[in-house]
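Below is one structure; the comments refer to it alone.
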Amino acid sequence: MIKHNGPISGVAAFAGRLVATAGYDNQVILWDAVGHTPLARAHHDHLANQVAFSPDGTLLVTGSSDYTARLWSVPDLQLRAVLADHKDDVEMAVFHPEEPLIATACRDHVVRVFDLSGTLLHRFEGHTADVISVEWLPATGELLSSSDDGTIKRWSPATGGMTADIDLDGVETDTIAITPDGTVYAGNDDGAIIRISGEAVEHFPAHAAGIKRLVAHAATGSLVSLSYDRTLRVWDLTEAGPRLRHSAEFPAEIWARSCAFTGPDTLAFATFGSTYATYDLSTSTWDLSGVQGTHCVNAVIRPANGPVLTVGDAGQVWADGEAAGRPGSLCNFLVDVGGRVLTGGQLGQVFDAVTGEALHQHHSPLNCGAAFERNGVPHVVFGAYTGEGLVFAVPASGPLELVAEIQLHSNAVKGVAVSGTALFAVCADASASWFDTRTLQQVGRVQEAHTRIANGCAALPQGRFASISRDRVLRLWKGTEATALPTPHDHSIKSIAASTDGTLVATGSYAGTVAVLHTPTGQWTHVTRPTTAGISSLYYDTTDNRFLASSYDGNVYPVPAGEDTTGD
């Protein structure tokens with residue numbers, strides 16, 4: 001049966017009849033919206049990020065982490081063209097509303113325009129960070145793009161250049177929606193909706209966490225916002241400013257990354273499951289029928305002499321393949337601390353991984369965690385999507401004690417690690433910070449620790465650390481100074497772990513490759529590709545002296561920690 005085996009990251013709809021989804025399982029699926037049944041599927045070579053219908057519904061375009069956008073016929077999803085030239089992930093691709101053109105947003109900082117044969121017509125350069133969103137301006141033939149550089153830029157295919165550069169105070173802005181009269185709405189990482197009309201730029205507080213997607217509905221004059229505060233909100237677009245008309249919390253299965261109107265009061269939503277979900281605004285009801293959990297694994301650990309524990313999108317913890325605790329929502333990490341194993345993720349909750357009990361609620365998703373001792377007491381720190389570090393004392397049983405909530409970063413914390421009395425944290429804005437675990441005060445910060453989004457870090461002995469990034473460079477930190485080492489990876493590095501003595505550092509990529517560095521010599525002694533799916537996490541297994549690599553394909557792959565070199 002056709003279904004997704006990984007998170008659905010993109011959703012599009014056409015005329016209330018068709019829905020298309022793009023997934024982290026590389027799949028693009030076309031659905032009959034009335035029966036919610038699959039009609040056809042196609043594949044990218046890597047994660048499929050977003051999808052869009054042509055104005056007449058006869059074509060689909062998809063953007064992928066395989067560095068391409070692809071054009072497909074509807075309803076059979078036969079490949080019509082490959083839109084190449086991209087040097088990094090294609091986050092979005094959209095059709096021109098009237099002309100046979102497609103624009104793409106890419107993490108290589110470039111906006112591109114292609115014709116329907118896949119011929120590159122324009123390259124618009126000027127953003128200084130990843131381009132996340134692109135939209136066509138009605139009746140002008142121009143484009144708007146938003147970027148992690150905190151700007152929105154306007155481009156003209158007619159002149160081949162930039163016609164406007166709008167500074168949004170440096171706040172990362174993931175999403176744009178444009179009304180038929182040309183008014184622009186943007187959603188930023190501070191949770192604000194920004195209205196841009198002519199020269200006027202106005203900010204309206206909207207959410208308690210970053211806005212990941214805005215979708216406008218022309219017929220009803222409404223705007224939907226999706227946020228990592230776990231809510232969707234519907235706004236009437238008035239002259240005074242967006243007026244809140246409706247608000248709802250997301251079920252655990254919903255991913256606040258994408259939605260599409262299938263009717264004036266019905267929305268199709270991205271999920272962490274096998275198919276899309278719908279929400280009826282008129283009755284405030286969710287329809288999650290058919291949304292089954294997938295087998296994606298997001299984290300793996302093995303407590304000393306214990307079972308191998310995994311957790312993933314389905315919110316099920318497994319111990320040596322047997323069901324254990326069930327938090328019931330997507331979890332991003334596992335931490336062994338004080339004889340307990342803790343997990344957490346998309347709902348912003350901390351769970352006991354073995355029992356599934358919810359122990360704490362935060363206002364935004366949790367991405368990572370690290371254990372340490374403070375005054376002889378086991379502690380743990382969790383990194384949040386909104387930049388906080390939640391520090392808890394961990395008793396052997398019973399409730400956790402929240403010791404402090406420290407601002408590690410101003411953006412999503414992607415990795416935390418502790419070595420000695422140093423707490424190290426890396427951020428989606430490419431920065432790194434150091435805190436003293438005794439005082440919980442900041443002792444260091446490097447704003448441009450990497451040249452791209454930092455994805456993770458690992459502790460080395462004597463207060464040293466290692467970090468990895470989308471820039472495919474491994475950095476070894478001694479204090480706030482780093483040695484930068486090129487890696488064998490040709491795709492973004494997602495995960496990292498180090499052996500207890502720090503002599504080996506393993507790195508895992510979104511393309512399924514694991515590369516192990518021997519730190520004393522600086523040599524990459526082991527490179528292997530156990531899967532074509534991404535390596536979601538790495539863990540050093542002290543019991544068997546090996547690395548464990550978890551994958552989005554649902555498996556855990558042992559990787560030797562020896563120094564013998566192997567090929568891909």
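By order in the structure tokens, chains are A, B, ...; within a chain, residues start at 1; ligands start at 1, following the order shown.
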Review point. Skipping near chain neighbours, those fewer than 3 positions away, what residues fall within 8 Å of segment 378-395 of chain A using only C-alpha atoms, listed as a ChimeraX atom specification?
Key: /A:209-210,228,337-338,348,364-374,398-416,427
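Shell of Ala511 of chain A at 7 Å, with only C-alpha atoms counted and residues fewer than 2 places along the chain excluded, is A:His491, A:Ser509, A:Thr513, A:Thr532, A:Ala533, A:Gly534.
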Exercise for review: Please provide as a list in words all residues within 6 Å of Ala48 of chain A, with the sequence filter that same-chain residues fewer than 2 positions apart are discarded (counting only C-alpha atoms).
Suggested key: Ala22, Gly23, Tyr24, Asn26 and Ser64 of chain A
Output for the residues just chosen: C-alpha atoms as a JSON list (two decimals), in the first residue's frame:
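part-v9.json was written with the following content:
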[["chain", "number", "residue", "atom", "x", "y", "z"],
["A", 22, "ALA", "CA", 6.28, 15.42, 0.33],
["A", 23, "GLY", "CA", 8.09, 13.35, 2.95],
["A", 24, "TYR", "CA", 11.35, 12.71, 4.72],
["A", 26, "ASN", "CA", 12.01, 10.70, -0.10],
["A", 64, "SER", "CA", 14.37, 18.16, -2.16]]
Fewer than 6 positions away in the same chain doesn't count, so skip those; otherwise give me all residues within 10 Å of Ala482 of chain A, counting only C-alpha atoms, as a PDB file with C-alpha atoms, in the first residue's frame.
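And here is the file that came out, part26.pdb:
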ATOM      1  CA  ALA A 449      31.159  29.142  15.205  1.00  0.00           C
ATOM      2  CA  HIS A 450      30.192  27.518  11.890  1.00  0.00           C
ATOM      3  CA  ARG A 464      36.873  20.264  25.084  1.00  0.00           C
ATOM      4  CA  PHE A 465      34.129  19.729  22.520  1.00  0.00           C
ATOM      5  CA  ALA A 466      33.430  18.809  18.921  1.00  0.00           C
ATOM      6  CA  SER A 467      30.665  20.257  16.738  1.00  0.00           C
ATOM      7  CA  LEU A 474      34.029  19.206  11.985  1.00  0.00           C
ATOM      8  CA  ARG A 475      35.296  21.672  14.569  1.00  0.00           C
ATOM      9  CA  LEU A 476      37.350  20.614  17.593  1.00  0.00           C
TER      10      LEU A 476
END
Practice item. Name the residues of segment 426-553 of chain A that fall into strand (DSSP E) according to DSSP on the backbone, using the chain letters and numbers of this document, as a PyMOL selection string. Key: chain A and resi 426-427+432-436+442-446+454-460+464-469+473-478+481-486+493-498+504-509+514-518+523-528+535-541+546-551
Requested write-out: C-alpha atoms of the selected residues, as a JSON list (two decimals), in the first residue's frame:
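Once everything was written out, this is part-v2.json:
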[["chain", "number", "residue", "atom", "x", "y", "z"],
["A", 426, "VAL", "CA", 25.31, 24.99, 19.44],
["A", 427, "CYS", "CA", 22.52, 26.80, 17.65],
["A", 432, "ALA", "CA", 28.14, 28.36, 20.01],
["A", 433, "SER", "CA", 28.02, 29.20, 23.71],
["A", 434, "TRP", "CA", 29.75, 28.05, 26.88],
["A", 435, "PHE", "CA", 28.28, 28.05, 30.40],
["A", 436, "ASP", "CA", 29.75, 27.08, 33.78],
["A", 442, "GLN", "CA", 27.73, 32.22, 30.40],
["A", 443, "VAL", "CA", 31.52, 32.17, 30.11],
["A", 444, "GLY", "CA", 31.98, 32.28, 26.33],
["A", 445, "ARG", "CA", 30.25, 32.78, 22.99],
["A", 446, "VAL", "CA", 31.30, 32.58, 19.35],
["A", 454, "ALA", "CA", 25.10, 23.85, 13.53],
["A", 455, "ASN", "CA", 23.40, 20.48, 13.97],
["A", 456, "GLY", "CA", 25.07, 18.90, 16.98],
["A", 457, "CYS", "CA", 27.99, 18.60, 19.38],
["A", 458, "ALA", "CA", 29.82, 16.08, 21.55],
["A", 459, "ALA", "CA", 31.94, 16.25, 24.69],
["A", 460, "LEU", "CA", 35.65, 15.51, 24.68],
["A", 464, "ARG", "CA", 36.87, 20.26, 25.08],
["A", 465, "PHE", "CA", 34.13, 19.73, 22.52],
["A", 466, "ALA", "CA", 33.43, 18.81, 18.92],
["A", 467, "SER", "CA", 30.66, 20.26, 16.74],
["A", 468, "ILE", "CA", 29.21, 19.67, 13.29],
["A", 469, "SER", "CA", 27.14, 21.64, 10.83],
["A", 473, "VAL", "CA", 33.13, 20.78, 8.64],
["A", 474, "LEU", "CA", 34.03, 19.21, 11.98],
["A", 475, "ARG", "CA", 35.30, 21.67, 14.57],
["A", 476, "LEU", "CA", 37.35, 20.61, 17.59],
["A", 477, "TRP", "CA", 37.07, 23.21, 20.36],
["A", 478, "LYS", "CA", 39.60, 24.07, 23.05],
["A", 481, "GLU", "CA", 39.20, 28.43, 19.68],
["A", 482, "ALA", "CA", 38.47, 25.76, 17.11],
["A", 483, "THR", "CA", 40.41, 23.58, 14.73],
["A", 484, "ALA", "CA", 38.34, 23.13, 11.56],
["A", 485, "LEU", "CA", 38.64, 19.79, 9.78],
["A", 486, "PRO", "CA", 37.04, 19.04, 6.40],
["A", 493, "ILE", "CA", 26.16, 16.39, 8.78],
["A", 494, "LYS", "CA", 23.28, 15.64, 11.15],
["A", 495, "SER", "CA", 24.80, 13.79, 14.11],
["A", 496, "ILE", "CA", 27.96, 13.37, 16.16],
["A", 497, "ALA", "CA", 29.32, 11.28, 19.05],
["A", 498, "ALA", "CA", 32.73, 10.75, 20.64],
["A", 504, "LEU", "CA", 37.44, 8.89, 18.11],
["A", 505, "VAL", "CA", 34.71, 11.19, 16.84],
["A", 506, "ALA", "CA", 31.94, 9.77, 14.65],
["A", 507, "THR", "CA", 29.86, 11.97, 12.33],
["A", 508, "GLY", "CA", 26.69, 10.98, 10.47],
["A", 509, "SER", "CA", 25.08, 12.66, 7.47],
["A", 514, "VAL", "CA", 29.16, 7.63, 8.91],
["A", 515, "ALA", "CA", 32.76, 8.88, 9.08],
["A", 516, "VAL", "CA", 35.01, 8.30, 12.10],
["A", 517, "LEU", "CA", 37.93, 10.63, 12.90],
["A", 518, "HIS", "CA", 41.01, 9.55, 14.86],
["A", 523, "GLN", "CA", 42.82, 10.97, 9.97],
["A", 524, "TRP", "CA", 39.39, 9.71, 8.93],
["A", 525, "THR", "CA", 39.92, 6.04, 9.69],
["A", 526, "HIS", "CA", 36.50, 4.62, 8.92],
["A", 527, "VAL", "CA", 33.96, 5.76, 6.32],
["A", 528, "THR", "CA", 30.87, 3.68, 5.64],
["A", 535, "ILE", "CA", 21.76, 9.10, 10.17],
["A", 536, "SER", "CA", 19.55, 10.66, 12.84],
["A", 537, "SER", "CA", 21.85, 10.16, 15.84],
["A", 538, "LEU", "CA", 25.10, 8.55, 16.97],
["A", 539, "TYR", "CA", 26.01, 7.06, 20.34],
["A", 540, "TYR", "CA", 29.24, 5.58, 21.66],
["A", 541, "ASP", "CA", 28.50, 2.15, 23.15],
["A", 546, "ARG", "CA", 31.46, 0.71, 18.98],
["A", 547, "PHE", "CA", 29.28, 3.51, 17.70],
["A", 548, "LEU", "CA", 25.56, 2.99, 17.22],
["A", 549, "ALA", "CA", 24.05, 4.88, 14.30],
["A", 550, "SER", "CA", 20.27, 5.29, 14.26],
["A", 551, "SER", "CA", 18.56, 6.02, 10.97]]
Which residues come within 10 Å of Gln462 of chain A, counting only C-alpha atoms, excluding same-chain residues fewer than 4 positions away, as a PDB file with N, CA and C atoms, in the first residue's frame?
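And here is the file that came out, result.pdb:
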ATOM      1  N   SER A 419      31.390  18.770  29.478  1.00  0.00           N
ATOM      2  CA  SER A 419      32.704  18.189  29.763  1.00  0.00           C
ATOM      3  C   SER A 419      33.291  18.916  30.953  1.00  0.00           C
ATOM      4  N   GLY A 420      33.576  18.173  32.023  1.00  0.00           N
ATOM      5  CA  GLY A 420      34.048  18.822  33.241  1.00  0.00           C
ATOM      6  C   GLY A 420      32.971  19.757  33.775  1.00  0.00           C
ATOM      7  N   THR A 421      33.323  21.020  33.975  1.00  0.00           N
ATOM      8  CA  THR A 421      32.348  22.010  34.457  1.00  0.00           C
ATOM      9  C   THR A 421      31.871  22.924  33.332  1.00  0.00           C
ATOM     10  N   ALA A 422      32.126  22.530  32.080  1.00  0.00           N
ATOM     11  CA  ALA A 422      31.736  23.352  30.934  1.00  0.00           C
ATOM     12  C   ALA A 422      30.526  22.763  30.231  1.00  0.00           C
ATOM     13  N   LYS A 478      38.845  23.959  21.802  1.00  0.00           N
ATOM     14  CA  LYS A 478      39.598  24.069  23.046  1.00  0.00           C
ATOM     15  C   LYS A 478      39.374  25.496  23.519  1.00  0.00           C
ATOM     16  N   ASP A 501      37.259   8.471  25.720  1.00  0.00           N
ATOM     17  CA  ASP A 501      38.572   9.103  25.853  1.00  0.00           C
ATOM     18  C   ASP A 501      38.809  10.187  24.809  1.00  0.00           C
ATOM     19  N   GLY A 502      37.857  10.400  23.912  1.00  0.00           N
ATOM     20  CA  GLY A 502      37.964  11.479  22.939  1.00  0.00           C
ATOM     21  C   GLY A 502      38.849  11.199  21.751  1.00  0.00           C
TER      22      GLY A 502
END
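In terms of minimum interatomic distance to Ser73 of chain A, A:Leu30 ranks closest within A:Cys106, A:Ile176, A:Leu30, A:Ile193, counting only C-alpha atoms.
Using only C-alpha atoms for every distance, the candidate list A:Val317, A:Arg230, A:Leu423, A:Asn305 yields A:Leu423 as the residue closest to Gln441 of chain A.
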Point to revise | Spatial neighbours of Lys153 of chain A, 6 Å, only C-alpha atoms, chain gap at least 4 places, as an NGL selection string | key: :A and (144-145 or 164-165)
Exercise for review: For Gly312 of chain A, list every protein, DNA or RNA residue within 12 Å, evaluated using only C-alpha atoms, and leave out those in the same chain fewer than 3 positions away; present the list as an MDAnalysis selection string.
Suggested key: chainID A and resid 5:7 272:273 293:300 309 315:318 326:334 343:346 353 536:537 550:556
Study note, to complete from the structure: Of A:Val184, A:Leu120, A:Met92, A:Leu223, the one nearest to Arg107 of chain A when counting only C-alpha atoms is A:Met92
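From atom CA of Thr21 of chain A back to atom CA of Arg41 of chain A, the distance works out to 9.5 Å.
Shortest atom-to-atom contact with Thr119 of chain A among A:Lys87, A:Arg70, A:Arg213, A:Arg17: A:Arg70, counting only C-alpha atoms.
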